[in-house]
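Structure file upload_2.txt; described as compact mmCIF, C-alpha atoms.
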```txt
# COMPACT_ATOMS: atom_id res chain seq x y z
CA MET A 203 49.55 42.81 72.71
CA LYS A 204 51.79 42.38 75.75
CA PHE A 205 54.36 44.70 74.17
CA LEU A 206 51.69 47.33 73.49
CA LYS A 207 50.52 47.26 77.12
CA ARG A 208 54.10 47.69 78.33
CA LEU A 209 54.66 50.57 75.93
CA ILE A 210 51.48 52.31 77.11
CA ALA A 211 52.52 51.80 80.75
CA ILE A 212 55.82 53.57 79.98
CA VAL A 213 54.52 56.37 77.76
CA LEU A 214 51.33 57.27 79.65
CA PRO A 215 53.08 58.63 82.79
CA LEU A 216 55.38 60.67 80.54
CA ALA A 217 52.44 62.22 78.69
CA ALA A 218 50.48 63.14 81.83
CA PRO A 219 52.48 66.33 82.55
CA LEU A 220 51.64 67.56 79.04
CA VAL A 221 47.94 67.11 79.77
CA VAL A 222 48.35 69.08 83.01
CA MET A 223 50.15 71.91 81.20
CA ALA A 224 47.48 71.99 78.51
CA SER A 225 44.73 72.29 81.11
CA GLY A 226 46.25 75.57 82.34
CA SER A 227 46.29 74.59 86.03
CA SER A 228 49.65 73.58 87.38
CA LEU A 229 50.35 71.69 90.58
CA VAL A 230 52.13 74.76 91.95
CA ASP A 231 49.04 76.91 91.35
CA LYS A 232 46.82 74.37 93.10
CA VAL A 233 49.20 74.18 96.06
CA ARG A 234 49.36 77.96 96.37
CA ALA A 235 45.58 78.26 96.33
CA ALA A 236 45.21 75.52 98.95
CA THR A 237 47.93 76.72 101.31
CA ASP A 238 47.92 80.53 101.07
CA HIS A 239 46.28 80.86 104.50
CA PHE A 240 49.09 78.77 106.05
CA LYS A 241 51.65 81.52 105.42
CA ASP A 242 50.80 82.38 109.03
CA ILE A 243 52.05 79.32 110.91
CA ASN A 244 49.58 80.02 113.72
CA VAL A 245 46.74 79.21 111.32
CA ALA A 246 48.37 75.85 110.57
CA LEU A 247 48.90 75.09 114.26
CA SER A 248 45.28 76.00 115.06
CA GLN A 249 44.13 73.52 112.40
CA GLY A 250 46.03 70.57 113.86
CA TRP A 251 49.34 70.65 111.99
CA VAL A 252 52.14 69.33 114.21
CA GLN A 253 55.90 69.61 113.87
CA GLY A 254 57.23 66.42 112.29
CA THR A 255 60.91 67.29 111.90
CA PRO A 256 63.45 69.82 113.03
CA CYS A 257 64.88 71.86 110.17
CA VAL A 258 66.12 69.36 107.57
CA SER A 259 69.30 70.37 105.78
CA GLY A 260 71.21 68.76 102.94
CA PRO A 261 74.46 66.85 103.30
CA ASN A 262 76.45 69.53 101.45
CA SER A 263 74.23 72.58 100.93
CA GLY A 264 70.64 73.66 100.85
CA ALA A 265 67.76 72.60 103.03
CA MET A 266 64.13 71.57 103.08
CA GLY A 267 63.08 73.34 106.26
CA VAL A 268 60.84 72.33 109.16
CA HIS A 269 58.02 69.94 108.27
CA PHE A 270 54.64 70.35 109.94
CA VAL A 271 52.42 67.35 109.18
CA LYS A 272 48.87 66.13 109.34
CA PRO A 273 49.40 62.51 110.51
CA GLU A 274 45.87 61.48 109.56
CA ARG A 275 46.54 62.45 105.95
CA ILE A 276 49.65 60.29 105.87
CA ALA A 277 47.67 57.39 107.35
CA GLU A 278 44.98 57.71 104.63
CA GLY A 279 47.40 57.18 101.76
CA LEU A 280 45.46 59.51 99.45
CA LEU A 281 47.10 62.08 97.20
CA SER A 282 45.34 65.37 96.50
CA ALA A 283 46.95 68.57 95.22
CA GLU A 284 44.74 70.53 97.59
CA GLN A 285 45.68 68.48 100.67
CA PRO A 286 49.43 68.11 101.20
CA GLU A 287 50.63 65.88 104.02
CA ALA A 288 53.33 68.37 105.11
CA LEU A 289 53.77 72.13 105.13
CA ILE A 290 57.42 73.20 104.97
CA TYR A 291 58.63 76.30 106.78
CA GLU A 292 62.02 77.97 106.86
CA PRO A 293 63.08 79.28 110.27
CA VAL A 294 63.64 83.04 110.01
CA GLU A 295 64.58 85.82 112.44
CA GLU A 296 63.14 86.07 115.94
CA GLY A 297 61.84 82.48 116.01
CA ARG A 298 59.35 83.01 113.20
CA PHE A 299 58.70 80.70 110.26
CA ARG A 300 58.21 81.39 106.55
CA LEU A 301 56.16 78.99 104.40
CA VAL A 302 58.32 77.82 101.48
CA GLY A 303 56.59 74.72 100.15
CA VAL A 304 54.78 71.48 100.83
CA GLU A 305 55.48 67.80 100.66
CA PHE A 306 53.15 65.05 99.54
CA ILE A 307 53.83 61.77 101.33
CA VAL A 308 52.39 58.28 101.07
CA LEU A 309 53.77 55.26 102.92
CA ASP A 310 54.82 52.53 100.51
CA LYS A 311 53.00 49.83 102.48
CA ILE A 312 49.74 51.78 102.28
CA TRP A 313 50.22 52.59 98.58
CA GLN A 314 50.91 48.94 97.75
CA SER A 315 47.85 47.77 99.69
CA GLN A 316 45.62 50.28 97.88
CA HIS A 317 47.21 49.67 94.44
CA PRO A 318 48.46 46.06 94.34
CA GLY A 319 50.81 45.61 91.42
CA GLY A 320 50.08 49.17 90.33
CA SER A 321 52.25 52.01 89.16
CA PRO A 322 54.25 54.28 91.43
CA PRO A 323 52.20 57.15 92.83
CA ALA A 324 51.89 60.34 90.80
CA LEU A 325 50.28 63.67 91.53
CA ASP A 326 48.99 65.71 88.60
CA GLY A 327 51.35 63.80 86.32
CA ASN A 328 54.41 64.18 88.58
CA LEU A 329 55.89 60.92 89.83
CA LEU A 330 56.74 60.69 93.52
CA ASN A 331 60.20 59.55 94.68
CA LEU A 332 60.69 56.40 96.75
CA VAL A 333 62.63 56.81 100.00
CA THR A 334 63.58 53.35 101.19
CA ALA A 335 64.04 52.22 104.78
CA PRO A 336 66.11 52.64 106.78
CA ASN A 337 66.29 56.40 106.24
CA ARG A 338 67.37 59.40 108.27
CA TYR A 339 63.78 60.16 109.25
CA GLY A 340 63.26 56.79 110.97
CA LEU A 341 60.22 56.12 108.79
CA PRO A 342 59.21 53.01 106.89
CA ALA A 343 59.66 53.23 103.10
CA PHE A 344 57.61 56.07 101.66
CA TRP A 345 56.93 57.99 98.45
CA GLU A 346 57.31 61.77 98.39
CA ILE A 347 57.44 64.87 96.24
CA HIS A 348 58.23 68.42 97.32
CA VAL A 349 56.50 71.38 95.73
CA TRP A 350 58.33 74.67 96.24
CA ALA A 351 55.21 76.79 95.82
CA TRP A 352 56.31 79.73 97.97
CA GLU A 353 60.06 79.81 97.26
CA ASP A 354 61.69 79.82 93.85
CA ASN A 355 64.05 76.86 93.95
CA PRO A 356 67.03 76.98 91.56
CA ASN A 357 67.30 73.19 91.95
CA GLY A 358 63.80 72.71 90.50
CA THR A 359 60.20 73.07 91.58
CA PHE A 360 60.02 69.45 92.75
CA ALA A 361 63.60 68.96 94.04
CA ASP A 362 64.07 67.74 97.61
CA LEU A 363 66.42 70.54 98.67
CA SER A 364 66.52 74.24 97.92
CA SER A 365 69.77 76.19 97.87
CA ARG A 366 67.74 79.25 98.93
CA VAL A 367 66.48 77.69 102.17
CA THR A 368 68.65 77.49 105.27
CA CYS A 369 68.45 76.00 108.73
CA SER A 370 70.87 78.55 110.19
CA ARG A 371 68.07 80.23 112.18
CA GLN A 372 66.65 76.97 113.61
CA PRO A 373 65.86 77.61 117.29
CA THR A 374 68.15 75.60 119.57
CA THR A 375 65.69 75.17 122.43
```
Structure translated into structure tokens:
Amino acid sequence: MKFLKRLIAIVLPLAAPLVVMASGSSLVDKVRAATDHFKDINVALSQGWVQGTPCVSGPNSGAMGVHFVKPERIAEGLLSAEQPEALIYEPVEEGRFRLVGVEFIVLDKIWQSQHPGGSPPALDGNLLNLVTAPNRYGLPAFWEIHVWAWEDNPNGTFADLSSRVTCSRQPTT
């Protein structure tokens, strides 16, 4: 019986993406529907999104972009495809920003308190990645997953960095 429970705990998270695909509604589609109006960064700013990072680039190539966050969502520790914790923008010409994706974030301490002894967090069958502390963001340990809903990412829809996003136009002021 113990073996069967362990086997189910391993196989169930692997089968969840198949259920999502069969339902016809992908995480990317949900994110696009929920964030389309944030293509204009002024809409995001007017709704309380605040800049959380400068433009984040990779150690060798590629970037994430500039993260604008809703701190209260991070503090809640809830994951919802329609309510990302961060909107990610690429700096473009003339100080403007282009929406490229989102990031779902949950602090490990909050997740563990809400799910003692539970599984790692997942969103629509996609497991989040653990970023331990210390980290380059100065945050406590947290779980995250990027969704490149507005930029085709050759590295993968849920990869941390995109080789098509750059920080070269990050304002210096």
Kindly extract all protein, DNA and RNA residues lying within 12 Å of the coordinates (51.3, 79.1, 114.7) given in the file, considering only C-alpha atoms, and supply them as a tab-separated table (two decimals) with C-alpha atoms, in the coordinates of the input.
```tsv
chain	number	residue	atom	x	y	z
A	239	HIS	CA	46.28	80.86	104.50
A	240	PHE	CA	49.09	78.77	106.05
A	241	LYS	CA	51.65	81.52	105.42
A	242	ASP	CA	50.80	82.38	109.03
A	243	ILE	CA	52.05	79.32	110.91
A	244	ASN	CA	49.58	80.02	113.72
A	245	VAL	CA	46.74	79.21	111.32
A	246	ALA	CA	48.37	75.85	110.57
A	247	LEU	CA	48.90	75.09	114.26
A	248	SER	CA	45.28	76.00	115.06
A	249	GLN	CA	44.13	73.52	112.40
A	250	GLY	CA	46.03	70.57	113.86
A	251	TRP	CA	49.34	70.65	111.99
A	252	VAL	CA	52.14	69.33	114.21
A	253	GLN	CA	55.90	69.61	113.87
A	270	PHE	CA	54.64	70.35	109.94
A	291	TYR	CA	58.63	76.30	106.78
A	297	GLY	CA	61.84	82.48	116.01
A	298	ARG	CA	59.35	83.01	113.20
A	299	PHE	CA	58.70	80.70	110.26
A	300	ARG	CA	58.21	81.39	106.55
A	301	LEU	CA	56.16	78.99	104.40
```
One decimal, Å: what's the distance from atom CA of Leu280 of chain A over to atom CA of Ala335 of chain A, could you say?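 Distance between the two atoms: 20.7 Å.
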List every residue of segment 243-313 of chain A that has an atom at most 12 Å from any atom of segment 352-373 of chain A, and for each one report the closest atom pair and its distance in Å to one decimal, counting all atoms listed in the file, with rows sorted by chain and then by increasing residue number, as a Markdown table.
```
| residue | atom | partner | partner_atom | distance |
| --- | --- | --- | --- | --- |
| A:Thr255 | CA | A:Gln372 | CA | 11.4 |
| A:Pro256 | CA | A:Gln372 | CA | 7.9 |
| A:Cys257 | CA | A:Cys369 | CA | 5.7 |
| A:Val258 | CA | A:Cys369 | CA | 7.1 |
| A:Ser259 | CA | A:Cys369 | CA | 6.4 |
| A:Gly260 | CA | A:Leu363 | CA | 6.7 |
| A:Pro261 | CA | A:Leu363 | CA | 10.0 |
| A:Asn262 | CA | A:Ser365 | CA | 10.1 |
| A:Ser263 | CA | A:Ser365 | CA | 6.5 |
| A:Gly264 | CA | A:Ser365 | CA | 4.0 |
| A:Ala265 | CA | A:Leu363 | CA | 5.0 |
| A:Met266 | CA | A:Leu363 | CA | 5.1 |
| A:Gly267 | CA | A:Cys369 | CA | 6.5 |
| A:Val268 | CA | A:Cys369 | CA | 8.5 |
| A:Leu289 | CA | A:Trp352 | CA | 10.7 |
| A:Ile290 | CA | A:Trp352 | CA | 9.6 |
| A:Tyr291 | CA | A:Val367 | CA | 9.2 |
| A:Glu292 | CA | A:Val367 | CA | 6.5 |
| A:Pro293 | CA | A:Gln372 | CA | 5.4 |
| A:Val294 | CA | A:Arg371 | CA | 5.7 |
| A:Glu295 | CA | A:Arg371 | CA | 6.6 |
| A:Glu296 | CA | A:Arg371 | CA | 8.5 |
| A:Gly297 | CA | A:Pro373 | CA | 6.4 |
| A:Arg298 | CA | A:Arg371 | CA | 9.2 |
| A:Phe299 | CA | A:Gln372 | CA | 9.4 |
| A:Arg300 | CA | A:Trp352 | CA | 8.9 |
| A:Leu301 | CA | A:Trp352 | CA | 6.5 |
| A:Val302 | CA | A:Trp352 | CA | 4.5 |
| A:Gly303 | CA | A:Trp352 | CA | 5.5 |
| A:Val304 | CA | A:Trp352 | CA | 8.9 |
| A:Glu305 | CA | A:Asp362 | CA | 9.1 |
| A:Phe306 | CA | A:Phe360 | CA | 10.6 |
```
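Shortest separation to Thr237 of chain A among A:Ala351, A:Leu309, A:Leu341, A:Ala277 occurs at residue A:Ala351, atoms counted being only C-alpha atoms.
You can rank A:Phe344, A:Ala235, A:Trp350, A:Val333 by their closest distance to Glu284 of chain A using only C-alpha atoms, and at the top of that list sits A:Ala235.
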Could you tell me how far atom CA of Ile312 of chain A sits from atom CA of Leu325 of chain A, in Å to one decimal place?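 Between atom CA of Leu325 of chain A and atom CA of Ile312 of chain A the gap works out to 16.0 Å.
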Quick one: pull the distance between atom CA of Gln316 of chain A and atom CA of Arg275 of chain A, Å, one decimal.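 If I compute the distance from atom CA of Gln316 of chain A to atom CA of Arg275 of chain A, I get 14.6 Å.
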For the point (48.4, 63.6, 107.7) in file coordinates, what residues are within 9 Å, counting all atoms listed in the file? Give the answer as a short mmCIF file (atom, residue, chain, number, x, y, z; two decimals) with C-alpha atoms, keeping the file's coordinate frame?
```
data_model
loop_
_atom_site.label_atom_id
_atom_site.label_comp_id
_atom_site.auth_asym_id
_atom_site.auth_seq_id
_atom_site.Cartn_x
_atom_site.Cartn_y
_atom_site.Cartn_z
CA TRP A 251 49.34 70.65 111.99
CA VAL A 271 52.42 67.35 109.18
CA LYS A 272 48.87 66.13 109.34
CA PRO A 273 49.40 62.51 110.51
CA GLU A 274 45.87 61.48 109.56
CA ARG A 275 46.54 62.45 105.95
CA ILE A 276 49.65 60.29 105.87
CA ALA A 277 47.67 57.39 107.35
CA GLU A 278 44.98 57.71 104.63
CA GLY A 279 47.40 57.18 101.76
CA GLN A 285 45.68 68.48 100.67
CA PRO A 286 49.43 68.11 101.20
CA GLU A 287 50.63 65.88 104.02
CA ALA A 288 53.33 68.37 105.11
CA ILE A 307 53.83 61.77 101.33
#
```
From the set A:Gly254, A:Val233, A:Ser315, A:Leu329, which residue has the shortest atom-to-atom contact distance to Val349 of chain A, counting all atoms listed in the file? A:Val233
So that I can check the surroundings of Leu332 of chain A, please list as a PyMOL selection string every protein, DNA and RNA residue that reaches within 8 Å of it, counting all atoms listed in the file and ignoring chain neighbours fewer than 2 positions away. chain A and resi 310+330+334+343-346
Would you please work out which residue, of A:Ala236, A:His317, A:Val308, A:His269, is nearest to Ile347 of chain A when using only C-alpha atoms? A:Val308
